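Okay, so here's the structure we're looking at.
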Amino acid sequence: MPADAASPPDPGQRRRLPRIRARLHELYYGHSDRSVRFRLTVITLDFVMIAFFIAAPLLRETPAFLFVDYTMAVVLATDLAARAIASDNLGAWLRRPVSWIDLFVLLTLLFPLWLFNLAFLRVMRLWTLIHSEFFWDTVGRRYNETRWEDVIRAASTLVTFVFIMTGFVYSSFARTEGVGGYLDALYFTIATLTTTGFGDITLPGAWGRLISIVTMLTGITLFVRLAQALFRPYKIRFTCPTCGLRRHDVDAVHCKACGELLNIPNDDEF
């Protein structure tokens, strides 16, 4: 055989990747006690990471900031790589908007000094976590497909918006007239979003007025959405086999759209 001839692939190496994929798939999507403990650990790390994202503007000038930032980058990169390997279809996983958000968050962690003005978008990690089946299949199994899922999803959207707008105001108007720091930006966002409008902190110029308008309108919408999730009559999720209508009254016997007889399971968790 010539010296430069390609060596045959190692059979052990070819078998190793499917075993790793099967093991990761079981950890991320399985129902064993070990899988649940693993996912709880991942979710705990996610919340630690989100807390760091929220506090990052206050920690930026500390000596440990870059160390913590790069540590979070390693954790997130490992998690994303494991999820990609564990997925049944890598192409479909890459096409998901949630995956693009997580990859953008990773990019801001890898280049914190260059992309710090966009770092406020990292808080979207909270939205992607709370809106993922990974979270509900692990932590919220008792409340999955119930009123509390809708409430928690609406609350997480509102909290995510608050901190995104706070970060945007801070990165755009910090150290200008009125906005002296991150807490001032948070105070302005809450006061504007709730339409309290104390007026002691305002954003200068036409751009500042536009940001205030967007914050007020979006905040009202998100508050209404949260109030609806809390107080409106709950509709159970059950797909009608005939017309496909997914939301019905809890005690529904027939589908309101087509009259099909329904057999909705009742587990008294509503």
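FYI, nothing fancy with the structure tokens labels: chains A, B, ... in order, residues from 1 per chain, ligands from 1 as they appear.
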
- Message: Set the distance at 9 Å and use only C-alpha atoms: which residues neighbour Cys258 in chain A once local chain neighbours fewer than 5 positions away are removed? I'd like the list as a PyMOL selection string.
- Response: chain A and resi 240+242-243+245

Selection from above, C-alpha atoms, as a PDB file, in the first residue's frame, can you write it?
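This went into out-v3.pdb:
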ATOM      1  CA  CYS A 240     -60.622  18.258  18.051  1.00  0.00           C
ATOM      2  CA  THR A 242     -62.494  16.622  13.174  1.00  0.00           C
ATOM      3  CA  CYS A 243     -61.842  20.369  12.803  1.00  0.00           C
ATOM      4  CA  LEU A 245     -59.818  23.386  17.210  1.00  0.00           C
TER       5      LEU A 245
END

- Query: Tell me, which residues of range 15-124 of chain A carry DSSP alpha helix (DSSP H), written as an MDAnalysis selection string?
  - Reply: chainID A and resid 15:29 33:59 65:86 90:95 97:110 124

Which range 82-182 of chain A residues have any atom within 12 Å of an atom of range 47-70 of chain A, and for each, what is the nearest pair of atoms with distance in Å to one decimal, counting only C-alpha atoms, rows sorted by chain and number, as a tab-separated table?
residue	atom	partner	partner_atom	distance
A:Val105	CA	A:Phe53	CA	9.8
A:Leu106	CA	A:Tyr70	CA	9.7
A:Leu107	CA	A:Tyr70	CA	10.8
A:Thr108	CA	A:Asp69	CA	9.4
A:Leu109	CA	A:Asp69	CA	6.0
A:Leu110	CA	A:Tyr70	CA	6.6
A:Phe111	CA	A:Tyr70	CA	9.0
A:Pro112	CA	A:Asp69	CA	7.5
A:Leu113	CA	A:Leu66	CA	9.0
A:Phe116	CA	A:Pro57	CA	9.0
A:Asn117	CA	A:Pro57	CA	10.0
A:Leu118	CA	A:Phe53	CA	11.4
A:Ala119	CA	A:Phe53	CA	7.8
A:Phe120	CA	A:Phe53	CA	7.5
A:Leu121	CA	A:Phe53	CA	9.0
A:Arg122	CA	A:Phe53	CA	6.3
A:Val123	CA	A:Phe53	CA	6.2
A:Met124	CA	A:Ile50	CA	8.8
A:Arg125	CA	A:Ile50	CA	6.8
A:Leu126	CA	A:Ile50	CA	6.4
A:Trp127	CA	A:Ile50	CA	10.1
A:Thr128	CA	A:Ile50	CA	11.1
A:Leu129	CA	A:Phe47	CA	9.0
A:Ile130	CA	A:Phe47	CA	10.4
A:Phe135	CA	A:Phe47	CA	11.4
A:Val159	CA	A:Ile54	CA	10.9
A:Thr160	CA	A:Ile54	CA	9.9
A:Phe161	CA	A:Ile54	CA	11.9
A:Val162	CA	A:Ile54	CA	10.6
A:Phe163	CA	A:Ile54	CA	7.0
A:Ile164	CA	A:Ile54	CA	9.1
A:Met165	CA	A:Ile54	CA	11.6
A:Thr166	CA	A:Ile54	CA	9.5
A:Gly167	CA	A:Pro57	CA	8.1
A:Phe168	CA	A:Pro57	CA	11.2
A:Val169	CA	A:Pro57	CA	11.8
A:Tyr170	CA	A:Pro57	CA	8.5
A:Ser171	CA	A:Pro57	CA	9.0
A:Ala174	CA	A:Pro57	CA	10.7
A:Gly181	CA	A:Leu58	CA	8.7
A:Tyr182	CA	A:Pro57	CA	6.7

Output N, CA and C atoms for every residue in the selection just made, as a short mmCIF file (atom, residue, chain, number, x, y, z; two decimals), in the first residue's frame.
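The new file again_38.cif reads:
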data_model
loop_
_atom_site.label_atom_id
_atom_site.label_comp_id
_atom_site.auth_asym_id
_atom_site.auth_seq_id
_atom_site.Cartn_x
_atom_site.Cartn_y
_atom_site.Cartn_z
N VAL A 105 -26.53 34.90 21.66
CA VAL A 105 -26.11 35.09 23.05
C VAL A 105 -24.68 34.59 23.24
N LEU A 106 -24.36 33.44 22.66
CA LEU A 106 -23.01 32.90 22.75
C LEU A 106 -22.01 33.86 22.11
N LEU A 107 -22.38 34.45 20.99
CA LEU A 107 -21.48 35.39 20.31
C LEU A 107 -21.17 36.60 21.20
N THR A 108 -22.18 37.12 21.90
CA THR A 108 -21.93 38.26 22.79
C THR A 108 -21.06 37.87 23.97
N LEU A 109 -21.13 36.60 24.38
CA LEU A 109 -20.27 36.14 25.48
C LEU A 109 -18.83 35.96 25.02
N LEU A 110 -18.66 35.55 23.77
CA LEU A 110 -17.31 35.34 23.26
C LEU A 110 -16.59 36.65 22.97
N PHE A 111 -17.36 37.70 22.65
CA PHE A 111 -16.77 39.00 22.34
C PHE A 111 -17.42 40.08 23.21
N PRO A 112 -17.24 40.00 24.54
CA PRO A 112 -17.97 40.91 25.44
C PRO A 112 -17.58 42.37 25.30
N LEU A 113 -16.33 42.65 24.94
CA LEU A 113 -15.89 44.03 24.87
C LEU A 113 -16.37 44.71 23.59
N PHE A 116 -20.70 44.56 23.72
CA PHE A 116 -21.37 44.82 25.00
C PHE A 116 -22.63 45.66 24.82
N ASN A 117 -22.64 46.55 23.83
CA ASN A 117 -23.83 47.38 23.61
C ASN A 117 -25.03 46.57 23.13
N LEU A 118 -24.78 45.34 22.67
CA LEU A 118 -25.88 44.45 22.29
C LEU A 118 -26.14 43.38 23.34
N ALA A 119 -25.39 43.46 24.45
CA ALA A 119 -25.48 42.41 25.46
C ALA A 119 -26.84 42.37 26.15
N PHE A 120 -27.60 43.48 26.08
CA PHE A 120 -28.92 43.47 26.72
C PHE A 120 -29.85 42.44 26.10
N LEU A 121 -29.55 42.03 24.85
CA LEU A 121 -30.37 41.02 24.19
C LEU A 121 -30.14 39.62 24.75
N ARG A 122 -29.10 39.47 25.58
CA ARG A 122 -28.86 38.16 26.20
C ARG A 122 -30.04 37.71 27.07
N VAL A 123 -30.78 38.69 27.61
CA VAL A 123 -31.88 38.34 28.51
C VAL A 123 -32.96 37.55 27.78
N MET A 124 -32.94 37.55 26.46
CA MET A 124 -33.88 36.73 25.70
C MET A 124 -33.72 35.26 26.02
N ARG A 125 -32.59 34.91 26.63
CA ARG A 125 -32.38 33.53 27.07
C ARG A 125 -33.45 33.12 28.07
N LEU A 126 -33.93 34.08 28.90
CA LEU A 126 -35.01 33.78 29.83
C LEU A 126 -36.27 33.41 29.07
N TRP A 127 -36.57 34.16 28.01
CA TRP A 127 -37.77 33.88 27.22
C TRP A 127 -37.68 32.52 26.54
N THR A 128 -36.53 32.21 25.95
CA THR A 128 -36.39 30.93 25.27
C THR A 128 -36.46 29.76 26.24
N LEU A 129 -35.95 29.96 27.47
CA LEU A 129 -35.99 28.88 28.47
C LEU A 129 -37.42 28.61 28.91
N ILE A 130 -38.15 29.66 29.30
CA ILE A 130 -39.50 29.47 29.85
C ILE A 130 -40.47 29.01 28.77
N PHE A 135 -38.08 22.96 29.48
CA PHE A 135 -38.39 23.45 30.82
C PHE A 135 -39.66 22.80 31.35
N VAL A 159 -41.15 40.15 31.95
CA VAL A 159 -39.87 40.37 32.63
C VAL A 159 -38.74 40.50 31.60
N THR A 160 -38.78 39.65 30.57
CA THR A 160 -37.76 39.73 29.51
C THR A 160 -37.77 41.10 28.84
N PHE A 161 -38.98 41.58 28.53
CA PHE A 161 -39.09 42.90 27.89
C PHE A 161 -38.55 44.00 28.79
N VAL A 162 -38.86 43.92 30.10
CA VAL A 162 -38.39 44.94 31.04
C VAL A 162 -36.87 45.05 31.01
N PHE A 163 -36.19 43.91 31.07
CA PHE A 163 -34.73 43.96 31.15
C PHE A 163 -34.09 44.23 29.78
N ILE A 164 -34.76 43.84 28.70
CA ILE A 164 -34.24 44.22 27.38
C ILE A 164 -34.31 45.73 27.20
N MET A 165 -35.45 46.33 27.56
CA MET A 165 -35.58 47.78 27.43
C MET A 165 -34.64 48.50 28.40
N THR A 166 -34.46 47.95 29.60
CA THR A 166 -33.53 48.56 30.55
C THR A 166 -32.12 48.57 29.98
N GLY A 167 -31.71 47.42 29.42
CA GLY A 167 -30.38 47.35 28.83
C GLY A 167 -30.23 48.26 27.63
N PHE A 168 -31.28 48.37 26.84
CA PHE A 168 -31.22 49.25 25.66
C PHE A 168 -31.11 50.72 26.08
N VAL A 169 -31.92 51.11 27.06
CA VAL A 169 -31.87 52.49 27.55
C VAL A 169 -30.49 52.77 28.15
N TYR A 170 -29.98 51.82 28.91
CA TYR A 170 -28.67 52.02 29.55
C TYR A 170 -27.56 52.15 28.51
N SER A 171 -27.56 51.24 27.51
CA SER A 171 -26.49 51.28 26.51
C SER A 171 -26.59 52.48 25.59
N ALA A 174 -26.82 55.99 28.70
CA ALA A 174 -26.07 56.04 29.95
C ALA A 174 -25.20 57.29 30.01
N GLY A 181 -27.04 55.70 35.45
CA GLY A 181 -26.53 54.34 35.59
C GLY A 181 -27.61 53.33 35.29
N TYR A 182 -27.31 52.06 35.56
CA TYR A 182 -28.22 50.97 35.23
C TYR A 182 -29.51 51.05 36.05
#

- Task: Give me the residues within 12 Å of Thr239 in chain A as a list in words, counting only C-alpha atoms and dropping any in the same chain fewer than 4 places off.
- Result: Lys235, Cys243, Gly244, Leu245, Arg246, Arg247, His248, His254, Cys255, Ala257, Glu260, Leu261, Leu262, Asn263, Ile264 and Pro265 of chain A

Export of the given selection (C-alpha atoms) as a PDB file, in the first residue's frame:
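So again.pdb came out as:
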ATOM      1  CA  LYS A 235     -59.598  27.029  27.943  1.00  0.00           C
ATOM      2  CA  CYS A 243     -61.842  20.369  12.803  1.00  0.00           C
ATOM      3  CA  GLY A 244     -58.579  20.734  14.741  1.00  0.00           C
ATOM      4  CA  LEU A 245     -59.818  23.386  17.210  1.00  0.00           C
ATOM      5  CA  ARG A 246     -57.345  23.291  20.104  1.00  0.00           C
ATOM      6  CA  ARG A 247     -59.001  25.281  22.911  1.00  0.00           C
ATOM      7  CA  HIS A 248     -62.225  24.215  24.598  1.00  0.00           C
ATOM      8  CA  HIS A 254     -68.872  18.769  22.132  1.00  0.00           C
ATOM      9  CA  CYS A 255     -66.611  20.935  19.980  1.00  0.00           C
ATOM     10  CA  ALA A 257     -66.814  24.687  16.020  1.00  0.00           C
ATOM     11  CA  GLU A 260     -67.754  16.648  17.328  1.00  0.00           C
ATOM     12  CA  LEU A 261     -68.051  14.568  20.505  1.00  0.00           C
ATOM     13  CA  LEU A 262     -64.959  15.155  22.635  1.00  0.00           C
ATOM     14  CA  ASN A 263     -63.310  12.925  25.194  1.00  0.00           C
ATOM     15  CA  ILE A 264     -61.186  15.396  27.180  1.00  0.00           C
ATOM     16  CA  PRO A 265     -59.165  13.794  29.984  1.00  0.00           C
TER      17      PRO A 265
END

- Contact residues around range 224-226 of chain A with only C-alpha atoms at 8 Å, ignoring same-chain residues under 2 positions, as a PyMOL selection string: chain A and resi 151+154-155+220-222+228-230

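With CA of Ser212 in chain A on one side and CA of Phe188 in chain A on the other, the separation reads 9.1 Å.
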
- Check the smallest atom-to-atom distance from each of A:Lys256, A:Arg209, A:Arg19, A:Arg237 to Ala86 in chain A using only C-alpha atoms, then report the winner.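 Checking each of A:Lys256, A:Arg209, A:Arg19, A:Arg237 against Ala86 in chain A, counting only C-alpha atoms, the winner is A:Arg19.
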
- Item | Among listed residues A:Asp79, A:Glu149, A:Asp137, A:Asp102, nearest Ser35 in chain A (using only C-alpha atoms) |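 Of all the options, A:Asp137 lies closest to Ser35 in chain A.
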